[in-house]
Amino acid sequence: MSFEATHDQVLTPAAPARAVIHPVWVRVTHWINVVAMAVMIGSGWEIYNASPLFPFVFPRAITLGGWLAGALLWHFAAMWLLAVNGLVYLVLGFLTGRFQRKLVPIRPGEVLSDAKAALTGKLTHDDLSVYNAVQKLLYLGVIVAGVVIVLSGLAIWKPVQLQELTALFGGYDAARYVHFFAMATIVGFVIVHVIMALLVPKSLRAMITGR
Amino acid sequence: MSRMRANPPGVDPKLLIKDAAKLMPAPTRRLFLRGGASLGALAVLTGCDIIDGPSAEHVLTKISYLNDRAQAWLFNPNKLAPTYPDSAVTRPFPFNAYYPEDEAPEVDKDDYKLEVGGLVDDKKSWTLDELYALPQETQITRHVCVEGWSAIGKWTGTPLREFLRRVGADTRAKYVWFRCAEGYSTSIDMPTALHPQTQMTFKFDDQILSRKYGFPMKVRMPTKLGFKNPKYVMEMAVTDKYLGGYWEDQGYNWFSGS
């Protein structure tokens, strides 16, 4: 990225700066979150395999940690990165007004029409600084899933010390299912999100350079 | 120059994508996988940590120690684990160990003597009859395994803090360590040892502990994961020395509080 900065200065020294789409705090927390989530999900799958909730396990080749103890070490290390980074993101999102500005309001009618347009290839991404209704819904949804996965994780981790929280999820065993489905929701989001970033490369650029 | 206008000024899309690819989830995960695989292999092959410079395992172990401290800080000595009605007890309660059930240790009840050592005033050994004569309580609590599953059990025995008081244990010491018949061991922090629900258990579901459930004595603590609850306990010691445990020495978090 330092290369790009130099490149930019050499070729277009006097070019007027385009508007910043993603401020630096969004980009930094986004990419830290990528690392934290990759570790949490990969190790989480290995932990799941030790006592599966459903009649399937995750192939060892895509899990992290090698065995249960290794996976737990990764999971309980990366949780700090995930939680602290997520907290910084949420606080700044509210304080800067970014969430209020970009993620709401979400109108069901717009979600439907934008979803239809997206599926028929008619939805454009001309202005990256404005989210369409489907984007708003998905981005808000994944933030909620992120909050749920952290809270249900705490409920599983500390069913005695944080028993009120565990009870809120319907008890220890229910919290495990909530934690699993929050993971599935996030993984589903990531698949769509990565495909979209590859289909609209300038959105990927914006998340790196900010513009 | 038309190309420059079509693309963002000063940005080479190919370089950009190449750069971005480095930050994408899949390769990142693969990178960590390699670290993870070697971590697991090391632990399995050696059963202890080989530390050669700032390896991933070294860093993870350090963070695990920090997590011990975080959990000790979070531990509320007065907070009781939830209790359940008799009807909630999991019957049959699962057997779980690193060996099959038919290889569980068989302890002779007449020869049995609980050895008590370390920072205690009275180091006499205790026969089963002497132990059975101690005041007993019953708890119905949830046993949470490190693997993720849980089961509700009904345990009866003497609060460990009552026993520690009777043997004149130095409760300012850091740890209580347990050695078991089959060579298993574990150690716990003193605040957990003094928790009202931490129990020297002699009965499961109103029956004298069967071989399956840890005859003649188990130590039950609903504030910790299952593997911290030793069965077939032969010896306990109050100590300031960190002695780890069977699973803890292989990489499982030592505190493992619930």
# chains A, B, ... in the order shown; residues from 1 in each chain; ligands from 1
>>> closest_atom_pairs(of="chain A", to="chain B", cutoff="8 Å", atoms="only C-alpha atoms", output="JSON lines")
{"residue": "A:Met1", "atom": "CA", "partner": "B:Asp19", "partner_atom": "CA", "distance": 7.5}
{"residue": "A:Glu4", "atom": "CA", "partner": "B:Val11", "partner_atom": "CA", "distance": 6.8}
{"residue": "A:His7", "atom": "CA", "partner": "B:Gly10", "partner_atom": "CA", "distance": 6.2}
{"residue": "A:Asp8", "atom": "CA", "partner": "B:Gly10", "partner_atom": "CA", "distance": 4.5}
{"residue": "A:Gln9", "atom": "CA", "partner": "B:Gly10", "partner_atom": "CA", "distance": 7.8}
{"residue": "A:Leu11", "atom": "CA", "partner": "B:Gly10", "partner_atom": "CA", "distance": 5.9}
{"residue": "A:Thr12", "atom": "CA", "partner": "B:Gly10", "partner_atom": "CA", "distance": 6.3}
{"residue": "A:Trp31", "atom": "CA", "partner": "B:Leu23", "partner_atom": "CA", "distance": 7.3}
{"residue": "A:Val34", "atom": "CA", "partner": "B:Pro25", "partner_atom": "CA", "distance": 6.2}
{"residue": "A:Val35", "atom": "CA", "partner": "B:Thr28", "partner_atom": "CA", "distance": 6.9}
{"residue": "A:Ala38", "atom": "CA", "partner": "B:Arg29", "partner_atom": "CA", "distance": 5.6}
{"residue": "A:Val39", "atom": "CA", "partner": "B:Arg29", "partner_atom": "CA", "distance": 6.8}
{"residue": "A:Gly42", "atom": "CA", "partner": "B:Arg29", "partner_atom": "CA", "distance": 7.2}
{"residue": "A:Ile47", "atom": "CA", "partner": "B:Glu147", "partner_atom": "CA", "distance": 7.0}
{"residue": "A:Tyr48", "atom": "CA", "partner": "B:Gly148", "partner_atom": "CA", "distance": 7.6}
{"residue": "A:Ala50", "atom": "CA", "partner": "B:Glu147", "partner_atom": "CA", "distance": 5.2}
{"residue": "A:Ser51", "atom": "CA", "partner": "B:Glu147", "partner_atom": "CA", "distance": 5.6}
{"residue": "A:Ile62", "atom": "CA", "partner": "B:Leu33", "partner_atom": "CA", "distance": 7.6}
{"residue": "A:Thr63", "atom": "CA", "partner": "B:Leu33", "partner_atom": "CA", "distance": 7.0}
{"residue": "A:Leu64", "atom": "CA", "partner": "B:Leu33", "partner_atom": "CA", "distance": 5.1}
{"residue": "A:Gly65", "atom": "CA", "partner": "B:Gly36", "partner_atom": "CA", "distance": 4.0}
{"residue": "A:Gly66", "atom": "CA", "partner": "B:Gly40", "partner_atom": "CA", "distance": 4.3}
{"residue": "A:Trp67", "atom": "CA", "partner": "B:Gly40", "partner_atom": "CA", "distance": 5.6}
{"residue": "A:Leu68", "atom": "CA", "partner": "B:Glu147", "partner_atom": "CA", "distance": 7.5}
{"residue": "A:Ala69", "atom": "CA", "partner": "B:Tyr252", "partner_atom": "CA", "distance": 5.2}
{"residue": "A:Gly70", "atom": "CA", "partner": "B:Gly40", "partner_atom": "CA", "distance": 5.7}
{"residue": "A:Ala71", "atom": "CA", "partner": "B:Gly36", "partner_atom": "CA", "distance": 7.6}
{"residue": "A:Leu72", "atom": "CA", "partner": "B:Tyr252", "partner_atom": "CA", "distance": 7.6}
{"residue": "A:Leu73", "atom": "CA", "partner": "B:Leu60", "partner_atom": "CA", "distance": 6.0}
{"residue": "A:Trp74", "atom": "CA", "partner": "B:Leu60", "partner_atom": "CA", "distance": 6.8}
{"residue": "A:Phe76", "atom": "CA", "partner": "B:Ser64", "partner_atom": "CA", "distance": 7.5}
{"residue": "A:Ala77", "atom": "CA", "partner": "B:Ile63", "partner_atom": "CA", "distance": 6.1}
{"residue": "A:Trp157", "atom": "CA", "partner": "B:Ser258", "partner_atom": "CA", "distance": 6.3}
{"residue": "A:Lys158", "atom": "CA", "partner": "B:Ser258", "partner_atom": "CA", "distance": 4.5}
{"residue": "A:Pro159", "atom": "CA", "partner": "B:Ser258", "partner_atom": "CA", "distance": 5.6}
{"residue": "A:Val160", "atom": "CA", "partner": "B:Ala81", "partner_atom": "CA", "distance": 5.1}
{"residue": "A:Gln161", "atom": "CA", "partner": "B:Phe75", "partner_atom": "CA", "distance": 6.5}
{"residue": "A:Gln163", "atom": "CA", "partner": "B:Pro82", "partner_atom": "CA", "distance": 7.6}
{"residue": "A:Asp173", "atom": "CA", "partner": "B:Ser150", "partner_atom": "CA", "distance": 7.4}
{"residue": "A:Pro201", "atom": "CA", "partner": "B:Ile17", "partner_atom": "CA", "distance": 7.9}
{"residue": "A:Leu204", "atom": "CA", "partner": "B:Ala20", "partner_atom": "CA", "distance": 7.5}
{"residue": "A:Arg205", "atom": "CA", "partner": "B:Leu16", "partner_atom": "CA", "distance": 7.0}
{"residue": "A:Ile208", "atom": "CA", "partner": "B:Ala20", "partner_atom": "CA", "distance": 7.4}
>>> closest_atom_pairs(of="stretch 36-82 of chain A", to="stretch 87-91 of chain A", cutoff="12 Å", atoms="only C-alpha atoms", output="Markdown table")
| residue | atom | partner | partner_atom | distance |
| --- | --- | --- | --- | --- |
| A:Met79 | CA | A:Leu87 | CA | 11.8 |
| A:Trp80 | CA | A:Leu87 | CA | 10.4 |
| A:Leu81 | CA | A:Leu87 | CA | 9.9 |
| A:Leu82 | CA | A:Leu87 | CA | 8.4 |
>>> write_last_selection(atoms="C-alpha atoms", output="mmCIF file, in the first residue's frame")
data_model
loop_
_atom_site.group_PDB
_atom_site.id
_atom_site.type_symbol
_atom_site.label_atom_id
_atom_site.label_comp_id
_atom_site.auth_asym_id
_atom_site.auth_seq_id
_atom_site.Cartn_x
_atom_site.Cartn_y
_atom_site.Cartn_z
ATOM 1 C CA MET A 79 -11.626 -13.481 20.815
ATOM 2 C CA TRP A 80 -9.843 -10.501 22.365
ATOM 3 C CA LEU A 81 -8.922 -9.139 18.950
ATOM 4 C CA LEU A 82 -12.465 -9.701 17.668
#
>>> select_by_dssp(residues="stretch 64-98 of chain B", states="alpha helix (DSSP H)", output="compact mmCIF listing (two decimals) with C-alpha atoms, in the first residue's frame")
# COMPACT_ATOMS: atom_id res chain seq x y z
CA SER B 64 -3.64 -18.61 27.68
CA TYR B 65 -1.85 -17.48 30.86
CA LEU B 66 -3.41 -14.04 30.45
CA ASN B 67 -6.78 -15.77 30.07
CA ASP B 68 -6.13 -17.58 33.39
CA ARG B 69 -5.78 -14.17 35.02
CA ALA B 70 -8.80 -12.73 33.23
CA GLN B 71 -10.93 -15.66 34.41
CA ALA B 72 -9.60 -15.40 37.99
CA TRP B 73 -10.61 -11.74 37.91
CA LEU B 74 -14.05 -12.62 36.54
>>> residues_around(residues="A:Thr124", least_positions_apart="3", cutoff="12 Å", atoms="only C-alpha atoms", output="list in words")
Asp114, Ala115, Ala117, Ala118, Leu119, Thr120, Gly121, Asp127, Leu128, Val130, Tyr131, Asn132, Met196, Leu199 and Val200 of chain A
>>> residues_around(residues="stretch 209-219 of chain B", least_positions_apart="4", cutoff="8 Å", atoms="only C-alpha atoms", output="PDB file with N, CA and C atoms, in the first residue's frame")
ATOM      1  N   PHE B  95     -20.128 -41.383  30.871  1.00  0.00           N
ATOM      2  CA  PHE B  95     -18.745 -41.593  31.321  1.00  0.00           C
ATOM      3  C   PHE B  95     -17.846 -40.907  30.315  1.00  0.00           C
ATOM      4  N   GLU B 101     -14.232 -47.066  29.357  1.00  0.00           N
ATOM      5  CA  GLU B 101     -14.803 -47.278  30.688  1.00  0.00           C
ATOM      6  C   GLU B 101     -14.244 -48.524  31.390  1.00  0.00           C
ATOM      7  N   ALA B 104     -11.145 -48.031  33.468  1.00  0.00           N
ATOM      8  CA  ALA B 104     -11.179 -47.100  34.600  1.00  0.00           C
ATOM      9  C   ALA B 104     -10.539 -47.766  35.824  1.00  0.00           C
ATOM     10  N   PRO B 105      -9.849 -46.989  36.646  1.00  0.00           N
ATOM     11  CA  PRO B 105      -9.165 -47.588  37.803  1.00  0.00           C
ATOM     12  C   PRO B 105     -10.143 -48.223  38.797  1.00  0.00           C
ATOM     13  N   GLU B 106      -9.690 -49.315  39.394  1.00  0.00           N
ATOM     14  CA  GLU B 106     -10.480 -49.972  40.445  1.00  0.00           C
ATOM     15  C   GLU B 106      -9.753 -49.769  41.762  1.00  0.00           C
ATOM     16  N   VAL B 107     -10.341 -48.947  42.614  1.00  0.00           N
ATOM     17  CA  VAL B 107      -9.697 -48.636  43.885  1.00  0.00           C
ATOM     18  C   VAL B 107     -10.334 -49.496  44.977  1.00  0.00           C
ATOM     19  N   LYS B 109     -11.673 -50.377  48.454  1.00  0.00           N
ATOM     20  CA  LYS B 109     -12.229 -49.465  49.465  1.00  0.00           C
ATOM     21  C   LYS B 109     -11.581 -49.665  50.834  1.00  0.00           C
ATOM     22  N   LEU B 128     -11.906 -44.180  54.132  1.00  0.00           N
ATOM     23  CA  LEU B 128     -13.218 -43.867  53.562  1.00  0.00           C
ATOM     24  C   LEU B 128     -14.279 -43.671  54.645  1.00  0.00           C
ATOM     25  N   THR B 198     -17.855 -26.277  45.703  1.00  0.00           N
ATOM     26  CA  THR B 198     -16.753 -27.197  45.405  1.00  0.00           C
ATOM     27  C   THR B 198     -16.772 -28.297  46.462  1.00  0.00           C
ATOM     28  N   GLN B 199     -16.882 -29.532  45.988  1.00  0.00           N
ATOM     29  CA  GLN B 199     -17.282 -30.630  46.861  1.00  0.00           C
ATOM     30  C   GLN B 199     -16.401 -31.858  46.697  1.00  0.00           C
ATOM     31  N   MET B 200     -16.032 -32.473  47.844  1.00  0.00           N
ATOM     32  CA  MET B 200     -15.419 -33.807  47.820  1.00  0.00           C
ATOM     33  C   MET B 200     -16.588 -34.780  47.737  1.00  0.00           C
ATOM     34  N   THR B 201     -16.734 -35.409  46.580  1.00  0.00           N
ATOM     35  CA  THR B 201     -17.963 -36.137  46.285  1.00  0.00           C
ATOM     36  C   THR B 201     -17.816 -37.634  46.546  1.00  0.00           C
ATOM     37  N   PHE B 202     -18.818 -38.188  47.250  1.00  0.00           N
ATOM     38  CA  PHE B 202     -18.801 -39.614  47.571  1.00  0.00           C
ATOM     39  C   PHE B 202     -19.978 -40.364  46.948  1.00  0.00           C
ATOM     40  N   LYS B 203     -20.984 -39.603  46.504  1.00  0.00           N
ATOM     41  CA  LYS B 203     -22.172 -40.243  45.938  1.00  0.00           C
ATOM     42  C   LYS B 203     -22.572 -39.568  44.635  1.00  0.00           C
ATOM     43  N   PHE B 204     -23.075 -40.383  43.707  1.00  0.00           N
ATOM     44  CA  PHE B 204     -23.713 -39.830  42.520  1.00  0.00           C
ATOM     45  C   PHE B 204     -25.130 -40.367  42.446  1.00  0.00           C
ATOM     46  N   ASN B 229     -12.545 -31.529  37.145  1.00  0.00           N
ATOM     47  CA  ASN B 229     -13.220 -32.245  38.239  1.00  0.00           C
ATOM     48  C   ASN B 229     -12.625 -33.652  38.334  1.00  0.00           C
ATOM     49  N   PRO B 230     -11.589 -33.866  39.136  1.00  0.00           N
ATOM     50  CA  PRO B 230     -10.894 -35.155  39.116  1.00  0.00           C
ATOM     51  C   PRO B 230     -11.700 -36.277  39.772  1.00  0.00           C
ATOM     52  N   LYS B 231     -11.562 -37.482  39.204  1.00  0.00           N
ATOM     53  CA  LYS B 231     -12.176 -38.686  39.772  1.00  0.00           C
ATOM     54  C   LYS B 231     -11.056 -39.537  40.364  1.00  0.00           C
ATOM     55  N   TYR B 232     -11.419 -40.564  41.159  1.00  0.00           N
ATOM     56  CA  TYR B 232     -10.440 -41.507  41.734  1.00  0.00           C
ATOM     57  C   TYR B 232      -9.327 -40.757  42.470  1.00  0.00           C
ATOM     58  N   VAL B 233      -9.704 -39.727  43.253  1.00  0.00           N
ATOM     59  CA  VAL B 233      -8.701 -38.875  43.899  1.00  0.00           C
ATOM     60  C   VAL B 233      -8.023 -39.633  45.046  1.00  0.00           C
ATOM     61  N   MET B 234      -6.698 -39.702  44.989  1.00  0.00           N
ATOM     62  CA  MET B 234      -5.921 -40.435  45.993  1.00  0.00           C
ATOM     63  C   MET B 234      -5.175 -39.484  46.925  1.00  0.00           C
TER      64      MET B 234
END
>>> residues_around(residues="B:Asp121", least_positions_apart="3", cutoff="10 Å", atoms="only C-alpha atoms", output="list in words")
Val116, Gly117, Gly118, Lys124, Leu164, Arg165, Arg166, Val167, Gly168, Ala169 and Asp170 of chain B
>>> select_by_dssp(residues="stretch 135-186 of chain B", states="strand (DSSP E)", output="PyMOL selection string")
chain B and resi 137-144+150-159+175-180+185-186
>>> residues_around(residues="B:Ile188", least_positions_apart="5", cutoff="7 Å", atoms="only C-alpha atoms", output="PDB file with N, CA and C atoms, in the first residue's frame")
ATOM      1  N   TYR B 175      -2.764 -22.728  45.380  1.00  0.00           N
ATOM      2  CA  TYR B 175      -3.374 -23.845  44.657  1.00  0.00           C
ATOM      3  C   TYR B 175      -3.738 -25.013  45.565  1.00  0.00           C
ATOM      4  N   VAL B 176      -4.690 -25.805  45.073  1.00  0.00           N
ATOM      5  CA  VAL B 176      -4.905 -27.140  45.618  1.00  0.00           C
ATOM      6  C   VAL B 176      -4.709 -28.110  44.446  1.00  0.00           C
ATOM      7  N   TRP B 177      -3.878 -29.125  44.697  1.00  0.00           N
ATOM      8  CA  TRP B 177      -3.506 -30.067  43.635  1.00  0.00           C
ATOM      9  C   TRP B 177      -4.073 -31.441  43.960  1.00  0.00           C
ATOM     10  N   ALA B 193     -11.302 -23.523  45.219  1.00  0.00           N
ATOM     11  CA  ALA B 193     -11.296 -24.571  46.252  1.00  0.00           C
ATOM     12  C   ALA B 193     -12.215 -24.181  47.412  1.00  0.00           C
TER      13      ALA B 193
END
>>> residues_around(residues="A:Trp25", least_positions_apart="2", cutoff="12 Å", atoms="only C-alpha atoms", output="MDAnalysis selection string")
chainID A and resid 20:23 27:33 85:86 88:93 96 98 207:210
>>> decode(residues="stretch 1-105 of chain A", atoms="C-alpha atoms", output="short mmCIF file (atom, residue, chain, number, x, y, z; two decimals), in the first residue's frame")
data_model
loop_
_atom_site.label_atom_id
_atom_site.label_comp_id
_atom_site.auth_asym_id
_atom_site.auth_seq_id
_atom_site.Cartn_x
_atom_site.Cartn_y
_atom_site.Cartn_z
CA MET A 1 0.00 0.00 0.00
CA SER A 2 2.97 2.31 0.49
CA PHE A 3 3.84 1.55 -3.10
CA GLU A 4 0.44 2.83 -4.20
CA ALA A 5 0.86 6.02 -2.29
CA THR A 6 4.14 6.72 -4.04
CA HIS A 7 2.66 5.71 -7.37
CA ASP A 8 -0.23 8.08 -6.80
CA GLN A 9 1.97 11.02 -5.93
CA VAL A 10 4.29 10.53 -8.88
CA LEU A 11 1.64 10.22 -11.54
CA THR A 12 -1.00 12.62 -10.31
CA PRO A 13 0.68 15.13 -8.05
CA ALA A 14 -1.94 17.80 -8.45
CA ALA A 15 -5.05 15.68 -8.83
CA PRO A 16 -7.85 16.84 -6.54
CA ALA A 17 -8.50 14.30 -3.82
CA ARG A 18 -11.68 12.33 -4.37
CA ALA A 19 -14.10 12.11 -1.51
CA VAL A 20 -13.24 9.56 1.13
CA ILE A 21 -15.78 6.72 1.06
CA HIS A 22 -14.33 4.74 3.95
CA PRO A 23 -12.47 6.68 6.63
CA VAL A 24 -9.31 5.09 7.97
CA TRP A 25 -10.98 3.70 11.12
CA VAL A 26 -13.46 1.75 8.97
CA ARG A 27 -10.70 0.27 6.84
CA VAL A 28 -8.43 -0.64 9.75
CA THR A 29 -11.21 -2.27 11.79
CA HIS A 30 -12.49 -4.02 8.64
CA TRP A 31 -9.19 -5.74 7.87
CA ILE A 32 -8.42 -6.55 11.51
CA ASN A 33 -11.88 -8.10 11.62
CA VAL A 34 -11.07 -10.23 8.56
CA VAL A 35 -8.10 -11.75 10.40
CA ALA A 36 -9.98 -12.14 13.70
CA MET A 37 -12.99 -13.74 12.00
CA ALA A 38 -10.88 -16.14 9.95
CA VAL A 39 -9.21 -17.36 13.14
CA MET A 40 -12.45 -17.50 15.15
CA ILE A 41 -14.37 -19.39 12.45
CA GLY A 42 -11.55 -21.81 11.57
CA SER A 43 -10.89 -22.66 15.23
CA GLY A 44 -14.62 -22.65 16.00
CA TRP A 45 -15.17 -25.39 13.42
CA GLU A 46 -12.50 -27.54 15.09
CA ILE A 47 -14.16 -26.94 18.49
CA TYR A 48 -17.54 -27.84 16.98
CA ASN A 49 -16.03 -31.12 15.71
CA ALA A 50 -15.26 -32.22 19.29
CA SER A 51 -18.99 -32.43 20.02
CA PRO A 52 -21.03 -31.83 16.84
CA LEU A 53 -24.54 -30.37 17.12
CA PHE A 54 -25.58 -31.84 13.77
CA PRO A 55 -24.73 -35.07 11.93
CA PHE A 56 -21.71 -33.54 10.19
CA VAL A 57 -18.24 -32.31 11.03
CA PHE A 58 -16.05 -29.75 9.29
CA PRO A 59 -13.23 -31.27 7.23
CA ARG A 60 -9.98 -31.06 9.14
CA ALA A 61 -8.34 -29.36 6.14
CA ILE A 62 -10.39 -26.20 6.69
CA THR A 63 -10.22 -26.06 10.48
CA LEU A 64 -7.62 -24.34 12.60
CA GLY A 65 -5.72 -25.62 15.61
CA GLY A 66 -5.04 -29.27 14.73
CA TRP A 67 -6.95 -30.63 17.72
CA LEU A 68 -9.35 -29.37 20.37
CA ALA A 69 -6.76 -27.85 22.70
CA GLY A 70 -5.00 -26.06 19.84
CA ALA A 71 -8.31 -24.77 18.48
CA LEU A 72 -9.34 -23.50 21.91
CA LEU A 73 -6.03 -21.66 22.28
CA TRP A 74 -6.61 -19.90 18.95
CA HIS A 75 -10.27 -19.21 19.73
CA PHE A 76 -9.61 -17.72 23.17
CA ALA A 77 -6.72 -15.64 21.84
CA ALA A 78 -8.49 -14.22 18.78
CA MET A 79 -11.63 -13.48 20.81
CA TRP A 80 -9.84 -10.50 22.36
CA LEU A 81 -8.92 -9.14 18.95
CA LEU A 82 -12.46 -9.70 17.67
CA ALA A 83 -14.16 -8.16 20.71
CA VAL A 84 -11.91 -5.13 21.13
CA ASN A 85 -11.86 -4.40 17.40
CA GLY A 86 -15.62 -4.89 17.19
CA LEU A 87 -16.19 -2.58 20.14
CA VAL A 88 -14.02 0.14 18.60
CA TYR A 89 -15.98 -0.23 15.35
CA LEU A 90 -19.37 -0.01 17.06
CA VAL A 91 -18.44 2.97 19.23
CA LEU A 92 -16.95 4.91 16.31
CA GLY A 93 -19.85 3.89 14.07
CA PHE A 94 -22.30 5.51 16.45
CA LEU A 95 -20.17 8.48 17.53
CA THR A 96 -19.27 9.54 13.99
CA GLY A 97 -22.89 9.08 12.90
CA ARG A 98 -21.81 6.69 10.15
CA PHE A 99 -24.32 4.00 11.15
CA GLN A 100 -27.19 6.50 11.35
CA ARG A 101 -26.18 8.07 8.04
CA LYS A 102 -25.48 4.99 5.96
CA LEU A 103 -27.43 2.04 7.37
CA VAL A 104 -30.84 3.52 8.09
CA PRO A 105 -33.62 3.87 7.17
#
